[in-house]
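Report on one structure; see the data block that follows.
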Amino acid sequence: MTATTERSWHIGDYHPLAWAETAVKTLAFVVAYVAFVHALDRGLHSPSRVRIAELALLGLAEVGILLAIVDRVLERELIAVGFVVLNNAAHASMLYALLAIPGPGGLLSLFCALMLGGEVIKLRWLHKERPTLRQIGLMAAQAFVVAYAAIYLIALVFWEFAT
């Protein structure tokens, strides 16, 4: 007889800091969707050096989020799946907005600042609660959060000083 470890779809137990992270990042998603809607009636262009750097930074974040979708589906946690799909859509929206003329302007800064804020909250939650995680250790999870925070911080600083 073989044992199965297949999990059913479920809703996880979330700490208040996890909900705070979700709320802050959801505001960032709204900003990205607004940037996308504004970009829909604008022409697209070949990006300049500044835009290439911005696209590369957000594109790197997007690749990680695409991988996270697979992880969340394997975990079968409903809220996490919905959140990561909305996260993916927000990043794709901002990438599209970066190709429009004019670009997203201050919306990019606001998006990056809110995403950075969400990562700081998540890092605090990981440090405070030390949750059990799926297939990775706590240190690896913290490293991923720091990497995402660095992406948003670099994009924010780059946008503020390079434009």
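To be explicit about the labels: the chains of the structure tokens are called A, B, and onward in the order shown, and within each one the residues are counted from 1, while ligands get numbers from 1 in the order they are shown.
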
Got a sec: who's within 10 Å of region 74-81 of chain A, counting only C-alpha atoms, leaving out chain neighbours fewer than 2 positions off, as a ChimeraX atom specification? /A:6-12,14,22,68-72,83-87,134-135

Taking only region 9-158 of chain A into account, list the residues labelled alpha helix (DSSP H) by DSSP (computed from the backbone), as a PyMOL selection string. chain A and resi 16-40+49-75+78-98+106-129+138-158

Give the answer as one residue: which of A:Leu110, A:Gln142, A:Ala155, A:Leu67 has the shortest atom-to-atom distance to Arg130 (chain A), using only C-alpha atoms?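 Comparing A:Leu110, A:Gln142, A:Ala155, A:Leu67 against Arg130 (chain A), the winner is A:Gln142.
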
Using the chain letters and numbers from this document, which residues of region 1-118 of chain A does DSSP assign to strand (DSSP E or B), as a ChimeraX atom specification? /A:10,43-44,77,100-101

Length of the CA of Leu55 (chain A) to CA of Val73 (chain A) vector [Å]: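 The value is 26.7 Å.
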
List as JSON, numbers by chain the protein and nucleic acid residues near region 93-96 of chain A, meaning an atom at most 10 Å away when only C-alpha atoms are counted, but skip any in the same chain fewer than 2 places from it. {"A": [29, 31, 32, 33, 34, 35, 36, 37, 39, 40, 44, 51, 54, 55, 56, 57, 58, 59, 62, 87, 88, 89, 90, 91, 98, 99, 100, 103, 104, 107, 108, 111]}

Go ahead and dump the residues you just picked, C-alpha atoms, as a PDB file, in the first residue's frame.
```pdb
ATOM      1  CA  PHE A  29      -1.136  46.214  -7.545  1.00  0.00           C
ATOM      2  CA  VAL A  31      -1.118  51.419  -8.829  1.00  0.00           C
ATOM      3  CA  ALA A  32       0.250  49.031 -11.475  1.00  0.00           C
ATOM      4  CA  TYR A  33      -3.211  48.426 -12.925  1.00  0.00           C
ATOM      5  CA  VAL A  34      -3.802  52.192 -13.143  1.00  0.00           C
ATOM      6  CA  ALA A  35      -0.457  52.586 -14.953  1.00  0.00           C
ATOM      7  CA  PHE A  36      -1.496  49.826 -17.347  1.00  0.00           C
ATOM      8  CA  VAL A  37      -4.875  51.425 -18.116  1.00  0.00           C
ATOM      9  CA  ALA A  39      -0.662  53.022 -21.090  1.00  0.00           C
ATOM     10  CA  LEU A  40      -3.357  51.351 -23.192  1.00  0.00           C
ATOM     11  CA  LEU A  44       4.781  51.913 -27.431  1.00  0.00           C
ATOM     12  CA  ARG A  51      13.883  52.056 -19.292  1.00  0.00           C
ATOM     13  CA  GLU A  54      13.813  49.377 -15.162  1.00  0.00           C
ATOM     14  CA  LEU A  55      12.442  46.654 -17.413  1.00  0.00           C
ATOM     15  CA  ALA A  56      15.281  44.334 -16.425  1.00  0.00           C
ATOM     16  CA  LEU A  57      14.696  44.869 -12.696  1.00  0.00           C
ATOM     17  CA  LEU A  58      10.930  44.382 -12.861  1.00  0.00           C
ATOM     18  CA  GLY A  59      11.381  41.574 -15.387  1.00  0.00           C
ATOM     19  CA  GLU A  62       8.376  38.858 -12.741  1.00  0.00           C
ATOM     20  CA  ASN A  87       1.036  39.976  -8.247  1.00  0.00           C
ATOM     21  CA  ASN A  88       2.018  38.574 -11.639  1.00  0.00           C
ATOM     22  CA  ALA A  89      -0.631  40.658 -13.392  1.00  0.00           C
ATOM     23  CA  ALA A  90       0.563  43.794 -11.579  1.00  0.00           C
ATOM     24  CA  HIS A  91       4.177  43.279 -12.608  1.00  0.00           C
ATOM     25  CA  LEU A  98       7.220  51.104 -19.037  1.00  0.00           C
ATOM     26  CA  LEU A  99       7.054  50.582 -22.803  1.00  0.00           C
ATOM     27  CA  ALA A 100       4.475  53.339 -23.310  1.00  0.00           C
ATOM     28  CA  GLY A 103       5.909  55.950 -19.235  1.00  0.00           C
ATOM     29  CA  PRO A 104       4.250  55.439 -15.867  1.00  0.00           C
ATOM     30  CA  LEU A 107       3.326  55.532 -10.587  1.00  0.00           C
ATOM     31  CA  LEU A 108       6.463  53.419 -10.994  1.00  0.00           C
ATOM     32  CA  PHE A 111       4.556  50.895  -7.074  1.00  0.00           C
TER      33      PHE A 111
END
```

At a cut-off of 12 Å, using only C-alpha atoms, what residues contact Ala162 (chain A)? Leave out same-chain residues fewer than 4 positions from it and give the result as a PyMOL selection string. chain A and resi 48-54+154-158
